[in-house]
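Novice: Input file: structure_13.cif. Contents: mmCIF, C-alpha atoms.
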data_my_file
loop_
_atom_site.label_atom_id
_atom_site.label_comp_id
_atom_site.auth_asym_id
_atom_site.auth_seq_id
_atom_site.Cartn_x
_atom_site.Cartn_y
_atom_site.Cartn_z
CA MET T 1294 20.20 -16.25 -0.01
CA ARG T 1295 19.48 -14.34 3.21
CA ALA T 1296 17.58 -11.06 3.38
CA LEU T 1297 17.05 -8.63 6.25
CA HIS T 1298 14.03 -6.33 5.88
CA ILE T 1299 14.46 -3.08 7.83
CA CYS T 1300 11.15 -1.28 8.40
CA GLU T 1301 10.52 1.93 10.32
CA THR T 1302 6.79 1.15 10.02
CA ILE T 1303 4.73 -1.59 8.37
CA LYS T 1304 1.17 -0.46 9.05
CA GLY T 1305 -0.98 -1.14 5.99
CA GLY T 1306 0.53 -1.90 2.61
CA VAL T 1307 4.13 -2.52 3.70
CA ALA T 1308 3.01 -5.42 5.90
CA THR T 1309 1.14 -6.94 2.97
CA TYR T 1310 4.20 -6.50 0.75
CA LEU T 1311 6.43 -8.27 3.28
CA THR T 1312 3.96 -11.12 3.72
CA THR T 1313 3.72 -11.52 -0.06
CA PHE T 1314 7.50 -11.45 -0.49
CA ASP T 1315 7.95 -14.14 2.14
CA ALA T 1316 5.18 -16.36 0.78
CA LEU T 1317 6.42 -16.21 -2.83
CA CYS T 1318 10.20 -16.19 -2.38
CA HIS T 1319 10.82 -18.17 0.82
CA ASP T 1320 12.18 -21.20 -1.05
CA GLN T 1321 14.99 -19.01 -2.43
CA VAL T 1322 15.28 -16.27 0.20
CA GLU T 1323 15.43 -16.75 3.98
CA SER T 1324 14.09 -13.53 5.47
CA ARG T 1325 14.17 -11.71 8.80
CA PHE T 1326 11.97 -8.67 9.46
CA ILE T 1327 12.80 -5.74 11.76
CA VAL T 1328 9.51 -4.02 12.61
CA PRO T 1329 8.16 -1.74 15.37
CA GLN T 1330 7.09 -3.63 18.48
CA GLU T 1331 3.54 -2.28 18.17
CA HIS T 1332 3.23 -3.59 14.58
CA VAL T 1333 4.34 -7.18 15.19
CA ASP T 1334 0.76 -8.47 15.03
CA GLN T 1335 0.40 -6.96 11.54
CA LEU T 1336 2.93 -9.38 10.05
CA PRO T 1337 1.59 -12.96 9.75
CA VAL T 1338 4.91 -14.76 9.28
CA ASP T 1339 6.88 -17.16 11.47
CA ASP T 1340 7.45 -15.49 14.86
CA ALA T 1341 11.11 -16.53 14.77
CA ALA T 1342 11.59 -14.38 11.66
CA VAL T 1343 10.38 -11.16 13.32
CA ILE T 1344 12.78 -8.84 15.16
CA PRO T 1345 10.90 -6.08 17.04
CA TYR T 1346 12.44 -2.73 17.91
CA ALA T 1347 11.29 -0.02 20.33
CA ARG T 1348 9.55 3.01 18.83
CA SER T 1349 7.38 5.33 20.90
CA LYS T 1350 6.88 7.73 17.98
CA ARG T 1351 8.40 8.61 14.62
CA GLY T 1352 11.56 10.68 14.69
CA PRO T 1353 15.36 10.60 15.03
CA ARG T 1354 15.32 8.44 18.16
CA ALA T 1355 13.20 5.79 16.46
CA VAL T 1356 15.51 5.77 13.43
CA LEU T 1357 18.53 5.42 15.73
CA ASN T 1358 16.92 2.46 17.50
CA LEU T 1359 16.12 0.95 14.12
CA ALA T 1360 19.74 1.29 12.98
CA LYS T 1361 21.08 -0.24 16.21
CA THR T 1362 18.66 -3.15 15.97
CA ALA T 1363 19.62 -3.67 12.33
CA GLN T 1364 23.33 -3.70 13.14
CA ARG T 1365 22.81 -6.41 15.77
CA ALA T 1366 20.66 -8.40 13.35
CA VAL T 1367 23.35 -8.18 10.67
CA ARG T 1368 25.90 -9.55 13.11
CA ASP T 1369 23.66 -12.45 14.17
CA PHE T 1370 21.94 -13.28 10.85
CA GLU T 1371 24.65 -12.34 8.31
CA PRO T 1372 22.29 -11.36 5.47
CA ASP T 1373 23.37 -11.14 1.85
CA ILE T 1374 20.81 -8.41 1.13
CA LEU T 1375 19.40 -5.62 3.29
CA PHE T 1376 16.03 -4.18 2.28
CA PHE T 1377 15.11 -0.71 3.53
CA HIS T 1378 11.37 -0.02 3.37
CA SER T 1379 9.86 3.49 3.11
CA THR T 1380 11.29 6.95 3.64
CA PHE T 1381 12.37 6.92 7.29
CA SER T 1382 14.41 3.75 6.77
CA LEU T 1383 16.84 5.85 4.71
CA GLY T 1384 18.23 7.14 8.00
CA ALA T 1385 19.09 3.59 9.03
CA LEU T 1386 20.55 2.93 5.57
CA LEU T 1387 22.94 5.86 5.94
CA ALA T 1388 23.93 4.77 9.45
CA LEU T 1389 24.72 1.24 8.30
CA ARG T 1390 26.66 2.52 5.29
CA ALA T 1391 28.74 4.69 7.62
CA ARG T 1392 29.55 1.61 9.70
CA ARG T 1393 30.54 -0.30 6.55
CA VAL T 1394 27.97 -3.01 7.16
CA PRO T 1395 28.40 -5.73 4.52
CA GLY T 1396 25.71 -6.82 2.07
CA ALA T 1397 23.79 -5.41 -0.89
CA PHE T 1398 21.48 -2.52 0.03
CA VAL T 1399 18.05 -2.33 -1.65
CA TYR T 1400 15.73 0.63 -1.04
CA ILE T 1401 11.96 0.30 -1.62
CA PRO T 1402 10.23 3.68 -1.21
CA HIS T 1403 6.65 2.32 -1.40
CA GLY T 1404 5.69 5.64 -2.99
CA TRP T 1405 8.11 8.57 -3.04
CA ALA T 1406 7.75 11.07 -0.18
CA ARG T 1407 7.74 13.94 -2.67
CA LEU T 1408 4.22 12.92 -3.74
CA ARG T 1409 2.89 14.16 -0.38
CA TYR T 1410 3.75 17.77 -1.16
CA THR T 1411 2.01 18.53 -4.44
CA GLU T 1412 0.32 21.51 -2.77
CA ALA T 1413 3.54 22.79 -1.17
CA PRO T 1414 6.13 23.44 -3.92
CA LYS T 1415 8.92 24.62 -1.59
CA LYS T 1416 8.65 21.54 0.62
CA ALA T 1417 8.41 19.36 -2.48
CA ARG T 1418 11.73 20.71 -3.76
CA ILE T 1419 13.43 20.12 -0.41
CA VAL T 1420 12.05 16.59 -0.06
CA SER T 1421 13.00 15.77 -3.65
CA ALA T 1422 16.56 16.96 -3.08
CA VAL T 1423 16.93 14.90 0.09
CA GLU T 1424 15.33 11.63 -0.94
CA GLY T 1425 16.75 11.85 -4.45
CA ARG T 1426 20.27 12.12 -3.08
CA LEU T 1427 19.84 9.50 -0.34
CA ALA T 1428 18.38 6.96 -2.77
CA GLY T 1429 21.78 6.86 -4.44
CA SER T 1430 23.25 5.32 -1.28
CA ALA T 1431 21.49 2.04 -2.10
CA ASP T 1432 22.86 -0.49 -4.57
CA LEU T 1433 19.39 -0.80 -6.08
CA VAL T 1434 16.15 1.17 -5.84
CA LEU T 1435 13.14 -1.07 -6.38
CA ASN T 1436 10.09 0.97 -7.42
CA ILE T 1437 6.71 -0.68 -6.86
CA SER T 1438 4.97 1.16 -9.71
CA LYS T 1439 5.71 2.67 -13.11
CA ASN T 1440 4.63 6.06 -11.77
CA ASP T 1441 7.26 5.91 -9.02
CA GLN T 1442 9.92 5.04 -11.59
CA ALA T 1443 8.81 7.86 -13.89
CA LEU T 1444 8.90 10.38 -11.02
CA ALA T 1445 12.41 9.32 -10.00
CA LYS T 1446 13.60 9.67 -13.59
CA ALA T 1447 11.91 13.04 -14.10
CA LEU T 1448 13.50 14.44 -10.93
CA SER T 1449 16.93 12.87 -11.64
CA TYR T 1450 16.98 10.81 -8.46
CA ARG T 1451 20.29 9.05 -7.95
CA GLY T 1452 20.89 5.32 -7.99
CA ARG T 1453 20.03 2.36 -10.19
CA HIS T 1454 16.25 2.08 -10.48
CA ILE T 1455 14.03 -0.75 -11.66
CA VAL T 1456 10.28 -1.47 -11.46
CA VAL T 1457 8.75 -4.58 -9.94
CA GLU T 1458 5.05 -3.89 -9.63
CA ASN T 1459 3.34 -5.09 -6.48
CA ALA T 1460 1.43 -8.36 -6.61
CA LEU T 1461 -0.49 -10.75 -4.39
CA GLN T 1462 -0.67 -14.50 -4.08
CA ASP T 1463 -4.06 -15.77 -5.22
CA LEU T 1464 -6.62 -17.05 -2.75
CA LYS T 1465 -7.21 -20.79 -2.78
CA THR T 1466 -10.95 -20.14 -2.69
CA LEU T 1467 -12.87 -16.89 -2.86
CA PRO T 1468 -14.85 -16.03 0.29
CA GLU T 1469 -18.49 -17.08 0.17
CA ASP T 1470 -19.89 -15.30 3.24
CA SER T 1471 -20.14 -11.52 3.03
CA PRO T 1472 -19.50 -9.53 6.23
CA PHE T 1473 -22.17 -7.06 5.07
CA GLU T 1474 -25.89 -7.30 5.75
CA HIS T 1475 -27.72 -8.45 2.63
CA VAL T 1476 -30.27 -5.84 1.54
CA PRO T 1477 -31.82 -6.28 -1.95
CA GLY T 1478 -30.69 -3.51 -4.30
CA ARG T 1479 -28.08 -2.12 -1.92
CA ILE T 1480 -24.69 -1.10 -3.35
CA ASN T 1481 -21.96 -1.83 -0.80
CA LEU T 1482 -18.99 0.50 -1.22
CA LEU T 1483 -15.74 -0.17 0.64
CA PHE T 1484 -12.93 2.09 1.85
CA VAL T 1485 -9.87 0.46 3.43
CA GLY T 1486 -7.03 2.52 4.88
CA ARG T 1487 -5.73 4.96 7.42
CA PHE T 1488 -7.77 8.02 8.32
CA ASP T 1489 -5.19 10.52 7.12
CA ARG T 1490 -4.70 13.10 4.41
CA GLN T 1491 -2.97 10.73 2.01
CA LYS T 1492 -5.84 8.26 1.83
CA GLY T 1493 -8.38 11.03 1.20
CA LEU T 1494 -11.12 9.71 3.47
CA ASP T 1495 -12.16 13.31 4.12
CA ILE T 1496 -12.95 13.68 0.40
CA LEU T 1497 -15.07 10.53 0.44
CA LEU T 1498 -16.93 11.39 3.66
CA GLU T 1499 -17.91 14.76 2.20
CA ALA T 1500 -18.81 13.35 -1.21
CA PHE T 1501 -20.79 10.33 -0.04
CA PRO T 1502 -23.79 12.11 1.60
CA ARG T 1503 -24.28 14.14 -1.58
CA ALA T 1504 -24.18 10.98 -3.69
CA ALA T 1505 -26.53 9.13 -1.33
CA GLU T 1506 -29.15 11.85 -1.69
CA THR T 1507 -29.28 11.11 -5.41
CA ASN T 1508 -28.68 7.37 -5.12
CA PRO T 1509 -30.12 6.03 -1.82
CA ALA T 1510 -29.01 2.48 -2.69
CA LEU T 1511 -25.45 3.39 -1.70
CA HIS T 1512 -23.98 2.18 1.59
CA LEU T 1513 -20.38 2.95 2.56
CA HIS T 1514 -18.30 0.61 4.73
CA VAL T 1515 -15.13 2.17 6.18
CA VAL T 1516 -12.38 -0.17 7.38
CA GLY T 1517 -9.45 1.47 9.17
CA ALA T 1518 -8.59 3.87 11.95
CA SER T 1519 -6.93 7.20 12.59
CA VAL T 1520 -3.15 7.15 12.93
CA LEU T 1521 -2.45 10.89 12.73
CA GLY T 1522 -5.26 12.28 14.87
CA GLU T 1523 -7.69 12.66 11.98
CA GLY T 1524 -11.18 11.29 12.62
CA LYS T 1525 -14.59 10.55 11.19
CA GLY T 1526 -16.14 13.99 11.56
CA ALA T 1527 -19.86 14.55 11.14
CA ALA T 1528 -20.15 11.55 8.82
CA SER T 1529 -19.97 9.21 11.81
CA ASN T 1530 -23.72 9.74 12.29
CA HIS T 1531 -24.77 9.15 8.68
CA PRO T 1532 -27.21 6.19 8.52
CA SER T 1533 -25.62 4.81 5.33
CA ILE T 1534 -22.03 4.80 6.60
CA THR T 1535 -20.71 1.95 8.74
CA PHE T 1536 -17.30 2.09 10.43
CA HIS T 1537 -15.62 -1.28 11.01
CA ASP T 1538 -12.24 -0.33 12.57
CA TRP T 1539 -9.20 -2.35 11.46
CA VAL T 1540 -9.90 -5.86 10.15
CA PRO T 1541 -7.44 -8.74 10.77
CA PRO T 1542 -5.36 -9.64 7.67
CA ASN T 1543 -6.96 -13.08 7.47
CA ARG T 1544 -10.43 -11.51 7.12
CA ILE T 1545 -9.88 -8.53 4.83
CA SER T 1546 -10.49 -10.64 1.72
CA ASP T 1547 -14.06 -11.24 2.98
CA TYR T 1548 -14.68 -7.49 2.88
CA HIS T 1549 -13.23 -7.08 -0.60
CA ALA T 1550 -15.25 -9.99 -1.98
CA GLY T 1551 -18.44 -8.77 -0.31
CA ALA T 1552 -18.15 -5.23 -1.65
CA ASP T 1553 -19.58 -4.07 -4.95
CA MET T 1554 -16.78 -1.53 -5.39
CA LEU T 1555 -13.63 -0.39 -3.60
CA VAL T 1556 -13.33 3.41 -3.37
CA MET T 1557 -9.84 4.95 -3.22
CA PRO T 1558 -9.95 8.77 -2.97
CA SER T 1559 -6.20 8.97 -2.26
CA ARG T 1560 -4.28 12.17 -2.87
CA TRP T 1561 -1.11 10.19 -3.66
CA GLU T 1562 -0.05 6.53 -3.74
CA GLY T 1563 2.62 4.15 -4.98
CA LEU T 1564 0.92 0.90 -5.92
CA PRO T 1565 -1.43 0.19 -3.01
CA MET T 1566 -1.96 -3.44 -2.04
CA VAL T 1567 -5.59 -2.69 -1.23
CA LEU T 1568 -6.21 -2.10 -4.94
CA ILE T 1569 -4.76 -5.51 -5.83
CA GLU T 1570 -6.73 -7.17 -3.02
CA ALA T 1571 -9.94 -5.82 -4.52
CA LEU T 1572 -9.10 -6.89 -8.09
CA ARG T 1573 -8.12 -10.34 -6.82
CA ALA T 1574 -11.64 -10.69 -5.41
CA GLY T 1575 -13.14 -9.52 -8.69
CA THR T 1576 -14.20 -6.22 -7.15
CA PRO T 1577 -13.92 -3.12 -9.35
CA VAL T 1578 -12.14 -0.01 -8.11
CA MET T 1579 -12.99 3.70 -8.16
CA ALA T 1580 -9.70 5.56 -7.73
CA SER T 1581 -8.43 9.12 -7.80
CA ASP T 1582 -6.85 9.95 -11.13
CA THR T 1583 -3.59 11.01 -9.50
CA SER T 1584 -0.12 9.50 -8.88
CA GLY T 1585 -0.73 7.12 -11.74
CA LEU T 1586 -3.66 5.43 -9.98
CA GLY T 1587 -5.83 5.62 -13.07
CA GLU T 1588 -3.21 3.68 -15.03
CA LEU T 1589 -3.19 0.94 -12.38
CA ILE T 1590 -6.77 -0.09 -13.20
CA SER T 1591 -6.16 -0.39 -16.93
CA PRO T 1592 -6.53 -1.97 -19.41
CA GLY T 1593 -10.14 -3.09 -19.44
CA ASN T 1594 -13.32 -2.15 -17.61
CA ALA T 1595 -11.98 -2.93 -14.13
CA GLY T 1596 -12.57 0.45 -12.55
CA ILE T 1597 -13.25 4.16 -12.78
CA ALA T 1598 -10.68 6.97 -12.51
CA VAL T 1599 -12.06 10.13 -10.87
CA ALA T 1600 -10.60 13.59 -10.32
CA PRO T 1601 -9.49 13.86 -6.65
CA ASP T 1602 -12.14 16.32 -5.48
CA VAL T 1603 -15.44 16.11 -3.63
CA GLU T 1604 -17.73 17.04 -6.52
CA SER T 1605 -16.19 14.52 -8.93
CA PHE T 1606 -16.48 11.68 -6.43
CA ALA T 1607 -20.04 12.65 -5.53
CA GLN T 1608 -21.08 12.52 -9.18
CA ALA T 1609 -19.24 9.27 -9.89
CA LEU T 1610 -20.72 7.53 -6.83
CA ALA T 1611 -24.22 8.74 -7.61
CA SER T 1612 -24.00 7.23 -11.11
CA LEU T 1613 -23.36 3.66 -9.91
CA THR T 1614 -25.91 0.91 -10.52
CA PRO T 1615 -25.87 -2.79 -9.58
CA GLN T 1616 -25.88 -3.71 -13.26
CA LYS T 1617 -22.91 -1.48 -14.08
CA LEU T 1618 -20.89 -2.85 -11.17
CA ALA T 1619 -21.74 -6.48 -11.93
CA ALA T 1620 -20.42 -6.03 -15.48
CA MET T 1621 -17.07 -4.83 -14.10
CA ARG T 1622 -16.37 -7.85 -11.88
CA ALA T 1623 -15.01 -10.18 -14.57
CA PRO T 1624 -12.65 -7.51 -16.03
CA ALA T 1625 -11.42 -6.73 -12.50
CA ARG T 1626 -10.50 -10.36 -11.89
CA THR T 1627 -8.87 -10.62 -15.32
CA LEU T 1628 -6.71 -7.56 -14.60
CA TYR T 1629 -5.48 -9.20 -11.39
CA GLU T 1630 -4.58 -12.41 -13.20
CA THR T 1631 -2.78 -10.73 -16.09
CA ARG T 1632 -0.97 -7.89 -14.30
CA TYR T 1633 -0.79 -8.47 -10.55
CA GLY T 1634 -0.33 -12.23 -10.26
CA ALA T 1635 2.21 -13.94 -8.02
CA GLU T 1636 4.46 -15.68 -10.54
CA ARG T 1637 5.36 -12.47 -12.37
CA PHE T 1638 6.33 -10.81 -9.06
CA ARG T 1639 8.39 -13.80 -7.95
CA GLN T 1640 10.37 -14.06 -11.18
CA GLU T 1641 11.08 -10.33 -11.47
CA THR T 1642 12.09 -10.04 -7.80
CA LEU T 1643 14.43 -13.04 -7.80
CA THR T 1644 16.03 -11.90 -11.05
CA ALA T 1645 16.69 -8.46 -9.56
CA LEU T 1646 18.27 -9.96 -6.44
CA GLU T 1647 20.43 -12.38 -8.40
CA ASP T 1648 21.81 -9.45 -10.42
CA LEU T 1649 23.07 -7.61 -7.33
#
Would you mind writing the file's structure down as structure tokens?
Specialist:
Amino acid sequence: MRALHICETIKGGVATYLTTFDALCHDQVESRFIVPQEHVDQLPVDDAAVIPYARSKRGPRAVLNLAKTAQRAVRDFEPDILFFHSTFSLGALLALRARRVPGAFVYIPHGWARLRYTEAPKKARIVSAVEGRLAGSADLVLNISKNDQALAKALSYRGRHIVVENALQDLKTLPEDSPFEHVPGRINLLFVGRFDRQKGLDILLEAFPRAAETNPALHLHVVGASVLGEGKGAASNHPSITFHDWVPPNRISDYHAGADMLVMPSRWEGLPMVLIEALRAGTPVMASDTSGLGELISPGNAGIAVAPDVESFAQALASLTPQKLAAMRAPARTLYETRYGAERFRQETLTALEDL
């Protein structure tokens, strides 16, 4: 079976998804990956499998270049299945449908775009109408979380929908060396993600100083960078906040294993890989109780769901103790093994593809 993955962007979780798919399914599926030229280094797969395309910025021209690159790749590679990843790839999907490109079309939204507009009802209705209609152009819509599936059903999105929850291949050995300075009694908190509205770093950077006044043991490590012009703000000078920039994929597990807790103040999500990376390392998660995130860290004592506002996060962070966090590590690892393990993902994915 041959699969062509068509990606308008792969920064962050999409790259991890693609890497996981290739690692777990490569014996049954030969894959090629169309990705932006500037994101090639984010995808640690065989160089021969990567097809870069030119994209100076997001927009119609980038989608057109993506569609043209995909059409050439279809001619050369002759895939059985074409995967379209994230919202902007729907433009390429429509273009290839119009050209009667052969193959089964699978759309993976990686979190529906409508989730971004909870505070803008008019935009939410427009986005829902557009993506709900376009999703029906695919032969299959593969939702990465139960919340995504429920949203699509509630809004009557078109198409045949199934759920295959994200997963990660286990590490052969857990990292032993922490990237963080060892200070007795310190609680190392970790944020990993883009500095944008979705990921809610602004909520965390406002909440953390308040929490640190009450609980001076807290130290926040921020891994990531701005991609939409949003920055660190006044928090960049706080003595208990350390910014690490982006970390290479082969080192991010060191940060998860070294942290006492991952903090996810996101305003919306699908099923973020960063959450699974933390659980895999046995690191508990504090997540916004929105977009089904609270459900993703259940069952068990693997994390804490918090209302997505500054005051709630400040209170929750201030209440943390080393003893409380240590007691959550075993349940976090158990949740990874029972819900987000590799074999379940492999079997469900291959079954879905065989049914096309």
Novice: Run the PyMOL selection byres ((chain T and resi 1340-1357) around 9) mentally over the shown coordinates, then write out the matched residues as a ChimeraX atom specification, using the chain letters and numbers from the document.
Specialist: /T:1301-1302,1323-1333,1336-1339,1358-1362,1366,1381-1385,1388
Novice: I need the residue nearest Leu1408 (chain T) from this list: T:Leu1448, T:Val1578, T:Leu1482, T:Met1566. Use all atoms listed in the file for the distance.
Specialist: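 Between T:Leu1448, T:Val1578, T:Leu1482, T:Met1566, the residue approaching Leu1408 (chain T) most closely is T:Leu1448.
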Novice: Residues picked by the PyMOL selection byres ((chain T and resi 1429) around 8) here, as a PyMOL selection string?
Specialist: chain T and resi 1425-1428+1430-1432+1450-1453
Novice: Limited to C-alpha atoms, could you put the picked residues into a file as a CSV table (one decimal), in the frame of the given file?
Specialist:
chain,number,residue,atom,x,y,z
T,1425,GLY,CA,16.8,11.8,-4.4
T,1426,ARG,CA,20.3,12.1,-3.1
T,1427,LEU,CA,19.8,9.5,-0.3
T,1428,ALA,CA,18.4,7.0,-2.8
T,1430,SER,CA,23.2,5.3,-1.3
T,1431,ALA,CA,21.5,2.0,-2.1
T,1432,ASP,CA,22.9,-0.5,-4.6
T,1450,TYR,CA,17.0,10.8,-8.5
T,1451,ARG,CA,20.3,9.0,-8.0
T,1452,GLY,CA,20.9,5.3,-8.0
T,1453,ARG,CA,20.0,2.4,-10.2
Novice: Taking (24.6, -1.1, 2.7) in the file's coordinates as the center, which residues reach within 10 Å of it, counting only C-alpha atoms, put as a PDB file with C-alpha atoms, in the frame of the given file?
Specialist:
ATOM      1  CA  ILE T1374      20.810  -8.410   1.130  1.00  0.00           C
ATOM      2  CA  LEU T1375      19.400  -5.620   3.290  1.00  0.00           C
ATOM      3  CA  PHE T1376      16.030  -4.180   2.280  1.00  0.00           C
ATOM      4  CA  PHE T1377      15.110  -0.710   3.530  1.00  0.00           C
ATOM      5  CA  ALA T1385      19.090   3.590   9.030  1.00  0.00           C
ATOM      6  CA  LEU T1386      20.550   2.930   5.570  1.00  0.00           C
ATOM      7  CA  LEU T1387      22.940   5.860   5.940  1.00  0.00           C
ATOM      8  CA  ALA T1388      23.930   4.770   9.450  1.00  0.00           C
ATOM      9  CA  LEU T1389      24.720   1.240   8.300  1.00  0.00           C
ATOM     10  CA  ARG T1390      26.660   2.520   5.290  1.00  0.00           C
ATOM     11  CA  ALA T1391      28.740   4.690   7.620  1.00  0.00           C
ATOM     12  CA  ARG T1392      29.550   1.610   9.700  1.00  0.00           C
ATOM     13  CA  ARG T1393      30.540  -0.300   6.550  1.00  0.00           C
ATOM     14  CA  VAL T1394      27.970  -3.010   7.160  1.00  0.00           C
ATOM     15  CA  PRO T1395      28.400  -5.730   4.520  1.00  0.00           C
ATOM     16  CA  GLY T1396      25.710  -6.820   2.070  1.00  0.00           C
ATOM     17  CA  ALA T1397      23.790  -5.410  -0.890  1.00  0.00           C
ATOM     18  CA  PHE T1398      21.480  -2.520   0.030  1.00  0.00           C
ATOM     19  CA  VAL T1399      18.050  -2.330  -1.650  1.00  0.00           C
ATOM     20  CA  TYR T1400      15.730   0.630  -1.040  1.00  0.00           C
ATOM     21  CA  SER T1430      23.250   5.320  -1.280  1.00  0.00           C
ATOM     22  CA  ALA T1431      21.490   2.040  -2.100  1.00  0.00           C
ATOM     23  CA  ASP T1432      22.860  -0.490  -4.570  1.00  0.00           C
TER      24      ASP T1432
END
Novice: Looking at only C-alpha atoms, which of T:Lys1617, T:Ser1559, T:Ser1546, T:Ala1598 is the one that sits closest to Leu1464 (chain T)?
Specialist: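 Selected residue with least distance to Leu1464 (chain T): T:Ser1546.
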Novice: So, counting only C-alpha atoms, which residue among T:Pro1472, T:Pro1624, T:Gly1551, T:Pro1558 is closest to Asp1489 (chain T)?
Specialist: T:Pro1558
Novice: In Å, how far is it from CA of Ile1534 (chain T) to CA of Leu1568 (chain T)?
Specialist: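 Going from CA of Ile1534 (chain T) over to CA of Leu1568 (chain T) covers 20.8 Å.
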Novice: Kindly resolve the PyMOL selection byres ((chain T and resi 1492) around 8) on the present coordinates and return the residues as a PyMOL selection string.
Specialist: chain T and resi 1486-1491+1493-1494+1557-1561
Novice: Might you pull out every residue within 8 Å of region 1307-1317 of chain T, with all atoms listed in the file counted and same-chain residues fewer than 3 positions away left off, and present them as number ranges by chain?
Specialist: T: 1302-1304, 1320, 1322, 1324, 1335-1338, 1378, 1403, 1459-1462, 1566, 1635-1636, 1639
Novice: What separation in Å, quoted to one decimal, exists between CA of Arg1503 (chain T) and CA of Ser1471 (chain T)?
Specialist: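 Distance reported for this atom pair: 26.4 Å.
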Novice: Mind giving me the straight-line distance from CA of His1549 (chain T) to CA of Leu1572 (chain T) in Å, one decimal?
Specialist: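 Here the two named atoms are 8.6 Å from each other.
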Novice: Which residue gives the smallest distance to Met1294 (chain T) among T:Gly1306, T:Pro1372, T:Pro1601, T:Gly1593, with only C-alpha atoms counted?
Specialist: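 Of T:Gly1306, T:Pro1372, T:Pro1601, T:Gly1593, the one nearest Met1294 (chain T), counting only C-alpha atoms, is T:Pro1372.
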Novice: Considering only C-alpha atoms, return as a PyMOL selection string whatever protein or nucleic-acid residues lie within 12 Å of Pro1468 (chain T), sequence-local ones (same chain, fewer than 5 positions apart) excluded.
Specialist: chain T and resi 1543-1552+1573-1575
Novice: Let's have the selection written as a short mmCIF file (atom, residue, chain, number, x, y, z; two decimals), keeping the file's coordinate frame, with C-alpha atoms.
Specialist:
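What ended up in result-v2.cif:
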data_model
loop_
_atom_site.label_atom_id
_atom_site.label_comp_id
_atom_site.auth_asym_id
_atom_site.auth_seq_id
_atom_site.Cartn_x
_atom_site.Cartn_y
_atom_site.Cartn_z
CA ASN T 1543 -6.96 -13.08 7.47
CA ARG T 1544 -10.43 -11.51 7.12
CA ILE T 1545 -9.88 -8.53 4.83
CA SER T 1546 -10.49 -10.64 1.72
CA ASP T 1547 -14.06 -11.24 2.98
CA TYR T 1548 -14.68 -7.49 2.88
CA HIS T 1549 -13.23 -7.08 -0.60
CA ALA T 1550 -15.25 -9.99 -1.98
CA GLY T 1551 -18.44 -8.77 -0.31
CA ALA T 1552 -18.15 -5.23 -1.65
CA ARG T 1573 -8.12 -10.34 -6.82
CA ALA T 1574 -11.64 -10.69 -5.41
CA GLY T 1575 -13.14 -9.52 -8.69
#
Novice: Considering all atoms listed in the file, return as a PyMOL selection string whatever protein or nucleic-acid residues lie within 9 Å of Gly1596 (chain T), sequence-local ones (same chain, fewer than 3 positions apart) excluded.
Specialist: chain T and resi 1554+1576-1580+1587+1590-1591+1593+1621+1624-1625
Novice: In terms of the shortest atom-to-atom distance over only C-alpha atoms, which of T:Val1599, T:Ala1505, T:Ala1518, T:Ala1623 is closest to Ala1611 (chain T)?
Specialist: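 For Ala1611 (chain T), the nearest of the given residues is T:Ala1505.
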